[in-house]
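Please read the structure below before turning to the comments.
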Amino acid sequence: MAKQYFSRRNLNFMLKEVFHADDVTTHPYFSHLDAEAIDMIVDAAVQIADNIAAPIAEEMDRKQAEYENGGVTVHPRVKDYIKGLGDLGMIGAGAPMEVGGSQLPELVNSAAGFIFGAANNAITSYVGLTAGAARLIVSFGTEELKATYVTPMYEGRWQGTMCLTEPQAGSSLHYITSSATPTAQEGVYKIKGQKIYITCGDHDQTENVVHLYLAKIDGAPAGTKGISLFVVPKFRPENGQLVDNDVKTIGIYHKMGQKGAPAAHIQAGSDDNCFGYLVGQAHQGLSYMFQMMNEARLGVGMTGASIASAAYYAPSSTLRSAHKGKG
Ligand SMILES: Cc1cc2nc3c(=O)[nH]c(=O)nc-3n(C[C@H](O)[C@H](O)[C@H](O)COP(=O)(O)OP(=O)(O)OC[C@H]3O[C@@H](n4cnc5c(N)ncnc54)[C@H](O)[C@@H]3O)c2cc1C
């Protein structure tokens with residue numbers, strides 16, 4: 001290991017002695033796995049963390065994501081990380097094989113997430129968001145949405161996001177004003193509105209960005225009971241081409257500790273050419289979105305454990321240089 005940021009011995013103790021990960025493989029759903037396969041998955045995660053994530057952690061923080069001419073640039077090796085996890089089947093780790101997932105126990109998926117987060121906290125957002133967004137489509141989307149979006153997301157070619165917050169609506173999603181106007185095609189709507197603080201909401205390391213976007217259909221009930229969920233891609237697939245879907249990035253925020261992952265301010269439909277595809281039933285969007293929000297909450301908890309581990313193993317010389325000049 002080039003740089004230590006976690007203890008494999010401690011992780012193995014938790015996996016094997018405390019949580020008995022090997023027992024999980026006796027469950028029929030996980031019969032494709034055994035103890036050796038679990039070790040190999042953890043080994044592969046360590047390889048990616050050691051070779052890609054950890055070496056660029058400091059650089060990603062120093063050279064933060066930048067917004068220029070309507071586009072967002074991030075560290076060029078983010079692509080290797082996303083693609084590496086896609087190739088390893090880790091983006092769809094928890095998803096059933098029938099939808100292209102790896103059908104791994106959450107325990108093993110979490111162990112890998114812990115390793116990546118300790119190696120480079122900012123980089124984990126990219127894949128975490130994609131996994132959660134794809135899972136929303138798998139859980140509630142039509143067969144057509146699943147067929148179009150899930151595979152490129154699990155392969156690491158398309159980024160996923162969650163779009164809840166608006167400039168005037170944070171905790172109180174009651175006040176969102178993003179609108180969805182029905183078109184002649186069932187399930188297809190014209191979307192207009194703004195979203196802020198959208199983690200990984202735009203960048204140059206994937207071919208597309210797939211927003212899971214909360215909006216209100218014209219005439220919907222007031223408040224949270226009138227919120228629906230849509231797939232709003234940056235580029236919409238049409239006749240085998242990716243067509244600009246009128247989702248513009250109008251700024252980014254830099255978050256302390258995660259400067260390598262942009263938080264985008266996006267505008268949908270300013271040219272009246274943004275299409276969104278309804279996920280599930282109209283007006284049920286917030287309850288669907290809670291699936292992803294709950295996953296994100298667990299992810300934030302894991303972030304705390306990962307950062308604590310990285311801090312514990314950081315050489316004291318690194319800590320001294322980080323605090324140099326700060327008294
Ligand atoms: C690291 C990070 C990543 C994020 N990523 C995303 C993302 O990917 N997608 C996305 O949609 N959003 C994202 N957000 C935005 C996040 O969801 C919002 O910040 C959050 O919903 C809070 O909204 P706000 O910042 O507008 O604060 P506000 O809602 O204005 O809250 C400010 C304060 O007022 C309090 N408050 C608010 N309402 C009430 C009330 N009714 N009664 C009493 N107290 C109240 C709050 O508790 C808080 O202390 C992210 C935020 C952070 C920090």
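Just so we're on the same page: first chain in the structure tokens is A, next is B, and so on; residues restart at 1 for each chain, and ligands are numbered from 1 in the order they show up.
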Would you name the residues within 8 Å of ligand 1, counting only C-alpha atoms and all ligand atoms, and put them as a PyMOL selection string? chain A and resi 129+161-173+195-201+255+258+263
Output for the residues just chosen: C-alpha atoms as an mmCIF file, in the first residue's frame:
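Result file part-v2.cif:
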```cif
data_model
loop_
_atom_site.group_PDB
_atom_site.id
_atom_site.type_symbol
_atom_site.label_atom_id
_atom_site.label_comp_id
_atom_site.auth_asym_id
_atom_site.auth_seq_id
_atom_site.Cartn_x
_atom_site.Cartn_y
_atom_site.Cartn_z
ATOM 1 C CA LEU A 129 -24.687 9.651 -6.777
ATOM 2 C CA THR A 161 -27.505 13.147 -9.653
ATOM 3 C CA MET A 162 -30.282 14.028 -7.222
ATOM 4 C CA CYS A 163 -31.988 17.382 -7.880
ATOM 5 C CA LEU A 164 -34.103 18.575 -4.987
ATOM 6 C CA THR A 165 -32.789 21.923 -3.732
ATOM 7 C CA GLU A 166 -33.738 25.217 -5.402
ATOM 8 C CA PRO A 167 -32.532 28.753 -4.651
ATOM 9 C CA GLN A 168 -35.725 29.446 -2.644
ATOM 10 C CA ALA A 169 -36.338 25.885 -1.348
ATOM 11 C CA GLY A 170 -33.857 23.898 0.749
ATOM 12 C CA SER A 171 -35.258 22.020 3.740
ATOM 13 C CA SER A 172 -38.766 23.106 2.711
ATOM 14 C CA LEU A 173 -39.277 21.291 -0.594
ATOM 15 C CA LYS A 195 -31.611 23.578 -8.878
ATOM 16 C CA ILE A 196 -28.649 24.440 -6.655
ATOM 17 C CA TYR A 197 -25.972 22.518 -4.736
ATOM 18 C CA ILE A 198 -26.312 19.570 -7.126
ATOM 19 C CA THR A 199 -23.382 17.327 -6.256
ATOM 20 C CA CYS A 200 -21.565 16.248 -9.455
ATOM 21 C CA GLY A 201 -24.362 18.032 -11.367
ATOM 22 C CA LYS A 255 -17.454 22.621 -0.584
ATOM 23 C CA GLN A 258 -14.842 18.055 -1.153
ATOM 24 C CA ALA A 263 -21.858 21.307 -6.534
#
```
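Around Ala54 in chain A, within 6 Å and counting only C-alpha atoms, the residues found are A:Ala49, A:Asp50, A:Ala119, A:Asn120, once anything fewer than 4 positions away on its own chain is removed.
With distances restricted to only C-alpha atoms, A:His203 is the closest residue to Pro262 in chain A from A:Val99, A:Tyr149, A:His203, A:Lys79.
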List every residue of range 1-184 of chain A that DSSP, applied to the backbone, labels as alpha helix (DSSP H), and write the result as a ChimeraX atom specification. /A:8-12,21-24,35-48,57-62,78-88,106-119,124-140,143-145,151-154
Contacts of His32 in chain A at 10 Å or less, counting only C-alpha atoms, minus same-chain residues fewer than 4 places along, as a tab-separated table (two decimals) with C-alpha atoms, in the first residue's frame?
```tsv
chain	number	residue	atom	x	y	z
A	25	THR	CA	-23.14	-16.08	1.05
A	26	THR	CA	-25.27	-18.98	2.31
A	27	HIS	CA	-28.37	-16.96	1.42
A	28	PRO	CA	-29.71	-18.13	-2.00
A	37	ALA	CA	-14.96	-13.95	-3.84
A	102	SER	CA	-23.53	-7.35	-9.28
A	103	GLN	CA	-25.96	-8.44	-6.56
A	104	LEU	CA	-23.43	-7.91	-3.77
```
Shell of 9 Å around range 238-244 of chain A, only C-alpha atoms, local chain residues under 4 positions omitted, as a PyMOL selection string: chain A and resi 208+233-234+273-274
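Considering only C-alpha atoms, the residue among A:Gly160, A:Gly269, A:Gly219, A:Gly141 positioned nearest to Lys192 in chain A is A:Gly269.
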Just want the 12 Å neighbourhood of Arg135 in chain A, counted on only C-alpha atoms, with same-chain residues fewer than 5 positions away dropped. Output as a PDB file with C-alpha atoms, in the first residue's frame.
```pdb
ATOM      1  CA  ILE A  91     -21.547   1.115  -9.458  1.00  0.00           C
ATOM      2  CA  GLY A  92     -24.356  -1.415  -9.658  1.00  0.00           C
ATOM      3  CA  ALA A  93     -22.910  -3.366  -6.733  1.00  0.00           C
ATOM      4  CA  GLY A  94     -26.126  -3.778  -4.789  1.00  0.00           C
ATOM      5  CA  ALA A  95     -28.471  -4.081  -7.783  1.00  0.00           C
ATOM      6  CA  PRO A  96     -29.878  -7.422  -8.956  1.00  0.00           C
ATOM      7  CA  VAL A  99     -30.821  -5.250 -14.270  1.00  0.00           C
ATOM      8  CA  GLY A 100     -27.072  -5.437 -14.828  1.00  0.00           C
ATOM      9  CA  GLY A 101     -26.012  -5.194 -11.189  1.00  0.00           C
ATOM     10  CA  GLY A 128     -22.327   7.230  -5.059  1.00  0.00           C
ATOM     11  CA  LEU A 129     -24.687   9.651  -6.777  1.00  0.00           C
ATOM     12  CA  THR A 130     -24.797   7.570  -9.958  1.00  0.00           C
ATOM     13  CA  PHE A 140     -39.732   3.083  -9.946  1.00  0.00           C
ATOM     14  CA  GLY A 141     -39.023   3.736 -13.651  1.00  0.00           C
ATOM     15  CA  LEU A 145     -36.337   4.250 -18.781  1.00  0.00           C
ATOM     16  CA  LYS A 146     -34.502   1.253 -17.335  1.00  0.00           C
ATOM     17  CA  TYR A 149     -30.412   4.810 -18.674  1.00  0.00           C
ATOM     18  CA  VAL A 150     -29.328   2.093 -16.252  1.00  0.00           C
ATOM     19  CA  THR A 151     -26.592   0.316 -18.241  1.00  0.00           C
ATOM     20  CA  MET A 153     -24.834   4.566 -15.560  1.00  0.00           C
ATOM     21  CA  TYR A 154     -23.650   1.218 -14.170  1.00  0.00           C
ATOM     22  CA  GLY A 160     -26.312  10.398 -12.012  1.00  0.00           C
ATOM     23  CA  THR A 161     -27.505  13.147  -9.653  1.00  0.00           C
ATOM     24  CA  MET A 162     -30.282  14.028  -7.222  1.00  0.00           C
ATOM     25  CA  LEU A 212     -33.293  12.662 -11.017  1.00  0.00           C
ATOM     26  CA  VAL A 279     -40.636   8.210 -12.982  1.00  0.00           C
ATOM     27  CA  TYR A 288     -39.552   7.910  -4.283  1.00  0.00           C
ATOM     28  CA  MET A 289     -36.743  10.404  -3.743  1.00  0.00           C
ATOM     29  CA  PHE A 290     -36.536   9.373  -0.102  1.00  0.00           C
ATOM     30  CA  GLN A 291     -34.994   6.086  -1.269  1.00  0.00           C
ATOM     31  CA  MET A 292     -32.006   8.047  -2.581  1.00  0.00           C
ATOM     32  CA  MET A 293     -31.987  10.555   0.285  1.00  0.00           C
ATOM     33  CA  GLU A 295     -28.965   6.127   0.930  1.00  0.00           C
TER      34      GLU A 295
END
```
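The protein and nucleic acid residues lying at most 8 Å from Val72 in chain A are Ala65, Glu66, Tyr67, Glu68, Gly70, Val74, Asp202, His203, Asp204 and Pro262 of chain A, with only C-alpha atoms considered and sequence neighbours fewer than 2 positions away removed.
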